[in-house]
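Peer 1: Pasting a structure here, questions to come.
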Amino acid sequence: MESFAQRYERLVSEGALTRDPAQEATIPEFKRIGTALAEPVKKGWFKKAPEAPKGLYLWGGVGRGKSMLMDLFVETLDVPSRRVHFHAFMQEIHAGMHKARAEGVEDALAPVAKAVIDNVRLLAFDEMQITDITDAMIVGRLFEALFAAGVVVITTSNRVPDDLYKDGLNRQLFLPFISILKERMVVHEMVSPTDYRQNRLAGNPSYFTPANEEARAQIDAVWSDLTGNAGAPLTLIVNKREVEIPSFHNGVARASFYDLCGRALGPADYLALAGAARVLVLENIPELGRSNFNEAKRFVTLIDALYEAGVQLICSAAAKPEYLYIEGEGTFEFERTASRLREMQSEGWG
C-alpha cells in the first residue's frame with residue numbers, strides 16, 4: 001500500500017495537486033503517526049503493547065488543504081480508522097447517550113466511549129470547534145477516555161486550541177481539556193498564502209438568477225466540483241434542539257431557502273450553521289414581501305450570520321439582490337441585505 005508521502009508525491013506528479021510547502025511540512029507528522037500505527041499490537045500476559053503516538057491537531061486558515069491531507073492519510077492506513085465531521089460525530093455521541101439514559105445507565109457516556117474505542121485505533125475529525133456548553137463538557141471526558149485507551153486522534157480546525165469555545169459559557173470548566181489536548185496531540189499550524197477553496201470559486205458566478213433548471217444545473221456543477229457529490233445530512237445541536245442541514249461535506253453545506261428560512265429558526269441556529277460551514281449553497285430564494293414576511297426576516301438574519309462569519313455563499317434566486325424585496329414592510333431594511341449579497345459575490349470575498 002502507498003504511504004501518505006508516496007501518495008502525495010504521486011498526486012502532485014499527476015497534476016491532481018499543486019505542490020505546497022505548507023502541505024509538505026505536515027508529511028513528517030503523518031509519517032510519525034503512520035509508522036507507530038503500523039506496529040503490531042502485541043497480545044498476551046507479558047507483552048506490552050506499543051505506546052500510542054501523539055495525535056495531530058492541524059489548524060490554519062480556510063481552504064489550505066487540511067481536510068484533503070487528513071483524508072489522504074486515512075486512505076493510506078491499514079488499521080481500523082474512521083474519518084468523520086466533528087459536528088456529525090458529536091450528534092452520534094448525543095444519540096448514544098440518550099439511548100444509554102433510556103436504558104437506565106448511570107454514566108451514559110461510558111458505553112458510548114467504549115463503543116468507539118472497541119472499533120477504531122484512529123479517529124480523524126474534520127473541522128473541530130465547540131459552540132455549545134453541553135458539547136464542551138462531553139468532549140473533555142470523551143477525549144480523556146479515547147487517549148487513555150490508546151486511540152489516536154487527528155483533527156482539523158480553523159482555530160488554535162486555546163481559542164476553542166472562546167468566550168463560551170463557563171469556559172473555565174473547559175480549560176483542562178485544552179491542556180490535555182495540547183499534551184496528547186502535536187499542534188501544527190498550516191501557514192500557506194493560498195486558499196485553494198477560494199481559488200476554485202474565483203472568477204466563477206456565485207449568484208444564479210432566475211432560479212430555473214439552468215440555475216439548478218449550474219448549482220449542481222458547483223456542488224460536484226466542491227464535494228464530488230459526497231454530501232450527507234448533518235444535524236447540528238443548538239440549545240438542545242436539532243437543526244438538520246440536508247447535505248454537507250468537508251465544510252460545504254447545501255440547503256434550500258425553505259429548509260433554512262421556512263422553519264422557525266433563529267440567530268443561534270444560523271450562527272451554528274455559519275460555524276460549521278465555510279461555503280453555503282442555498283437554492284431557490286423566492287421574491288420576498290408581505291406574503292412571506294417571516295421567511296424574509298429569517299433570511300435577513302441568515303445573511304447577517306453568514307456575512308459576519310465570512311462564509312462564501314453560492315445561491316439561486318428569483319431575482320437580483322436589489323429586486324428580491326420590492327414591496328411591503330421591511331424594504332428599507334432589506335437594502336443592507338441586498339448590499340451584503342452583492343459584496344458576497346465579489347472577488348476575494350470570505
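Chains: A, B, ... in order of the C-alpha cells. Residues: from 1 per chain. Ligands: from 1, in order shown.
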If you run DSSP on this backbone, which residues of stretch 31-221 of chain A come out as strand (DSSP E), and could you give them as number ranges by chain?
Peer 2: A: 55-60, 81-85, 122-126, 152-157, 185-190, 207-208
Peer 1: Now that the selection is made, can you save its residues with N, CA and C atoms as a PDB file, in the first residue's frame?
Peer 2:
ATOM      1  N   GLY A  55      -1.377  12.372  18.861  1.00  0.00           N
ATOM      2  CA  GLY A  55      -2.209  12.683  17.715  1.00  0.00           C
ATOM      3  C   GLY A  55      -1.740  13.955  17.031  1.00  0.00           C
ATOM      4  N   LEU A  56      -2.597  14.514  16.190  1.00  0.00           N
ATOM      5  CA  LEU A  56      -2.233  15.708  15.425  1.00  0.00           C
ATOM      6  C   LEU A  56      -3.409  16.669  15.381  1.00  0.00           C
ATOM      7  N   TYR A  57      -3.170  17.891  15.789  1.00  0.00           N
ATOM      8  CA  TYR A  57      -4.159  18.971  15.720  1.00  0.00           C
ATOM      9  C   TYR A  57      -3.681  19.915  14.633  1.00  0.00           C
ATOM     10  N   LEU A  58      -4.308  19.819  13.467  1.00  0.00           N
ATOM     11  CA  LEU A  58      -3.886  20.566  12.289  1.00  0.00           C
ATOM     12  C   LEU A  58      -4.800  21.776  12.111  1.00  0.00           C
ATOM     13  N   TRP A  59      -4.240  22.971  12.279  1.00  0.00           N
ATOM     14  CA  TRP A  59      -5.100  24.146  12.210  1.00  0.00           C
ATOM     15  C   TRP A  59      -4.508  25.194  11.256  1.00  0.00           C
ATOM     16  N   GLY A  60      -5.389  26.060  10.796  1.00  0.00           N
ATOM     17  CA  GLY A  60      -4.958  27.119   9.896  1.00  0.00           C
ATOM     18  C   GLY A  60      -6.157  27.696   9.166  1.00  0.00           C
ATOM     19  N   SER A  81      -9.895   2.601  11.333  1.00  0.00           N
ATOM     20  CA  SER A  81      -9.893   4.057  11.480  1.00  0.00           C
ATOM     21  C   SER A  81     -11.217   4.600  10.969  1.00  0.00           C
ATOM     22  N   ARG A  82     -11.491   5.824  11.358  1.00  0.00           N
ATOM     23  CA  ARG A  82     -12.722   6.456  10.909  1.00  0.00           C
ATOM     24  C   ARG A  82     -12.489   7.940  10.729  1.00  0.00           C
ATOM     25  N   ARG A  83     -13.002   8.461   9.626  1.00  0.00           N
ATOM     26  CA  ARG A  83     -12.949   9.892   9.352  1.00  0.00           C
ATOM     27  C   ARG A  83     -14.383  10.418   9.402  1.00  0.00           C
ATOM     28  N   VAL A  84     -14.634  11.466  10.183  1.00  0.00           N
ATOM     29  CA  VAL A  84     -15.987  11.966  10.361  1.00  0.00           C
ATOM     30  C   VAL A  84     -15.938  13.459  10.657  1.00  0.00           C
ATOM     31  N   HIS A  85     -16.961  14.187  10.200  1.00  0.00           N
ATOM     32  CA  HIS A  85     -17.041  15.597  10.550  1.00  0.00           C
ATOM     33  C   HIS A  85     -17.362  15.710  12.037  1.00  0.00           C
ATOM     34  N   LEU A 122      -7.766   4.796  15.193  1.00  0.00           N
ATOM     35  CA  LEU A 122      -7.554   6.203  14.867  1.00  0.00           C
ATOM     36  C   LEU A 122      -8.877   6.854  14.518  1.00  0.00           C
ATOM     37  N   LEU A 123      -9.092   8.026  15.080  1.00  0.00           N
ATOM     38  CA  LEU A 123     -10.259   8.848  14.766  1.00  0.00           C
ATOM     39  C   LEU A 123      -9.771  10.132  14.102  1.00  0.00           C
ATOM     40  N   ALA A 124     -10.342  10.453  12.952  1.00  0.00           N
ATOM     41  CA  ALA A 124      -9.977  11.677  12.244  1.00  0.00           C
ATOM     42  C   ALA A 124     -11.200  12.583  12.180  1.00  0.00           C
ATOM     43  N   PHE A 125     -11.107  13.735  12.856  1.00  0.00           N
ATOM     44  CA  PHE A 125     -12.219  14.685  12.908  1.00  0.00           C
ATOM     45  C   PHE A 125     -11.958  15.849  11.960  1.00  0.00           C
ATOM     46  N   ASP A 126     -12.967  16.206  11.198  1.00  0.00           N
ATOM     47  CA  ASP A 126     -12.847  17.377  10.338  1.00  0.00           C
ATOM     48  C   ASP A 126     -13.543  18.566  10.988  1.00  0.00           C
ATOM     49  N   VAL A 152      -5.721   7.056  18.710  1.00  0.00           N
ATOM     50  CA  VAL A 152      -5.029   8.221  18.168  1.00  0.00           C
ATOM     51  C   VAL A 152      -6.057   9.146  17.528  1.00  0.00           C
ATOM     52  N   VAL A 153      -5.946  10.423  17.810  1.00  0.00           N
ATOM     53  CA  VAL A 153      -6.890  11.404  17.286  1.00  0.00           C
ATOM     54  C   VAL A 153      -6.158  12.395  16.388  1.00  0.00           C
ATOM     55  N   ILE A 154      -6.714  12.591  15.203  1.00  0.00           N
ATOM     56  CA  ILE A 154      -6.266  13.660  14.309  1.00  0.00           C
ATOM     57  C   ILE A 154      -7.466  14.565  14.077  1.00  0.00           C
ATOM     58  N   THR A 155      -7.248  15.858  14.119  1.00  0.00           N
ATOM     59  CA  THR A 155      -8.358  16.768  13.859  1.00  0.00           C
ATOM     60  C   THR A 155      -7.874  17.985  13.092  1.00  0.00           C
ATOM     61  N   THR A 156      -8.768  18.526  12.271  1.00  0.00           N
ATOM     62  CA  THR A 156      -8.501  19.804  11.625  1.00  0.00           C
ATOM     63  C   THR A 156      -9.360  20.867  12.302  1.00  0.00           C
ATOM     64  N   SER A 157      -8.902  22.092  12.245  1.00  0.00           N
ATOM     65  CA  SER A 157      -9.659  23.189  12.838  1.00  0.00           C
ATOM     66  C   SER A 157      -9.189  24.497  12.236  1.00  0.00           C
ATOM     67  N   MET A 185      -1.563  15.738  21.784  1.00  0.00           N
ATOM     68  CA  MET A 185      -1.557  15.945  20.338  1.00  0.00           C
ATOM     69  C   MET A 185      -0.489  16.967  19.961  1.00  0.00           C
ATOM     70  N   VAL A 186       0.142  16.756  18.821  1.00  0.00           N
ATOM     71  CA  VAL A 186       1.058  17.756  18.282  1.00  0.00           C
ATOM     72  C   VAL A 186       0.214  18.824  17.593  1.00  0.00           C
ATOM     73  N   VAL A 187       0.399  20.067  17.998  1.00  0.00           N
ATOM     74  CA  VAL A 187      -0.347  21.176  17.401  1.00  0.00           C
ATOM     75  C   VAL A 187       0.484  21.746  16.259  1.00  0.00           C
ATOM     76  N   HIS A 188      -0.032  21.652  15.048  1.00  0.00           N
ATOM     77  CA  HIS A 188       0.713  22.077  13.857  1.00  0.00           C
ATOM     78  C   HIS A 188      -0.110  23.098  13.084  1.00  0.00           C
ATOM     79  N   GLU A 189       0.449  24.272  12.891  1.00  0.00           N
ATOM     80  CA  GLU A 189      -0.243  25.302  12.120  1.00  0.00           C
ATOM     81  C   GLU A 189       0.170  25.209  10.655  1.00  0.00           C
ATOM     82  N   MET A 190      -0.821  25.189   9.773  1.00  0.00           N
ATOM     83  CA  MET A 190      -0.554  25.241   8.340  1.00  0.00           C
ATOM     84  C   MET A 190      -0.574  26.685   7.893  1.00  0.00           C
ATOM     85  N   TYR A 207     -24.042  33.684  -7.940  1.00  0.00           N
ATOM     86  CA  TYR A 207     -25.441  34.095  -7.766  1.00  0.00           C
ATOM     87  C   TYR A 207     -26.164  33.842  -9.084  1.00  0.00           C
ATOM     88  N   PHE A 208     -27.080  32.884  -9.079  1.00  0.00           N
ATOM     89  CA  PHE A 208     -27.743  32.471 -10.317  1.00  0.00           C
ATOM     90  C   PHE A 208     -29.209  32.902 -10.301  1.00  0.00           C
TER      91      PHE A 208
END
Peer 1: Stretch 316-326 of chain A: which residues within 10 Å, counting only C-alpha atoms, same-chain residues fewer than 5 positions away excluded, as a VMD selection string?
Peer 2: chain A and resid 206 to 212 215 to 216 218 to 219 256 to 257 281 to 290 293 296 331 to 342
Peer 1: Which polymer residues have any atom within 12 Å of an atom of A:Leu169, counting only C-alpha atoms, with same-chain residues fewer than 6 positions away left out, as a PyMOL selection string?
Peer 2: chain A and resi 130-137+175
Peer 1: What does the distance between atom CA of A:Tyr8 and atom CA of A:Glu24 come to in Å, to one decimal place?
Peer 2: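 Separating atom CA of A:Tyr8 from atom CA of A:Glu24 is a distance of 8.6 Å.
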Peer 1: Looking at only C-alpha atoms, which of A:Leu142, A:Val79, A:Leu17, A:Leu302 is the one that sits closest to A:Ala36?
Peer 2: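 Using only C-alpha atoms, A:Ala36 sits closest to A:Val79.
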Peer 1: Please report the interatomic distance between atom CA of A:Val139 and atom CA of A:Ser67 in Å with one decimal.
Peer 2: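 Result for atom CA of A:Val139 versus atom CA of A:Ser67: 20.6 Å, one decimal.
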Peer 1: Which residues are near A:Arg32? Cut-off 12 Å, only C-alpha atoms, ignore same chain within fewer than 3 positions. Put them as a count of residues only.
Peer 2: 20
Peer 1: Got a sec: who's within 9 Å of A:Val252, counting only C-alpha atoms, leaving out chain neighbours fewer than 6 positions off, as a ChimeraX atom specification?
Peer 2: /A:223,226-227,231,276-281
Peer 1: Mind giving me the straight-line distance from atom CA of A:Asp107 to atom CA of A:Glu127 in Å, one decimal?
Peer 2: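 Atom CA of A:Asp107 sits 27.6 Å away from atom CA of A:Glu127.
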Peer 1: Per residue of stretch 235-350 of chain A within 12 Å of stretch 94-104 of chain A, which atom pair is closest and at what distance in Å (one decimal), using only C-alpha atoms, listed by chain and increasing number, as CSV?
Peer 2:
residue,atom,partner,partner_atom,distance
A:Thr235,CA,A:His94,CA,11.0
A:Leu236,CA,A:His94,CA,10.9
A:Ile237,CA,A:His94,CA,9.0
A:Lys240,CA,A:His94,CA,9.9
A:Arg241,CA,A:His94,CA,11.4
A:Glu242,CA,A:His94,CA,10.8
Peer 1: Could you name the residues that touch A:Ala264 at 10 Å or less, counting only C-alpha atoms, but leaving out those on the same chain fewer than 3 positions away, as a ChimeraX atom specification?
Peer 2: /A:260-261,269,294-295,298
Peer 1: Residues of the last selection are to be written out with C-alpha atoms, as a short mmCIF file (atom, residue, chain, number, x, y, z; two decimals), in the first residue's frame.
Peer 2:
data_model
loop_
_atom_site.label_atom_id
_atom_site.label_comp_id
_atom_site.auth_asym_id
_atom_site.auth_seq_id
_atom_site.Cartn_x
_atom_site.Cartn_y
_atom_site.Cartn_z
CA LEU A 260 -33.41 27.33 6.40
CA CYS A 261 -35.96 30.14 6.32
CA ASP A 269 -29.24 28.31 14.54
CA ASN A 294 -41.48 35.90 8.43
CA GLU A 295 -39.35 33.94 5.97
CA ARG A 298 -35.18 34.90 8.80
#
Peer 1: Residues within 12 Å of A:Gln6, please, as JSON, numbers by chain. Count only C-alpha atoms; anything in the same chain fewer than 3 positions from it doesn't count.
Peer 2: {"A": [1, 2, 3, 9, 10, 11, 12, 13, 24, 27, 30, 31, 72, 73, 76]}
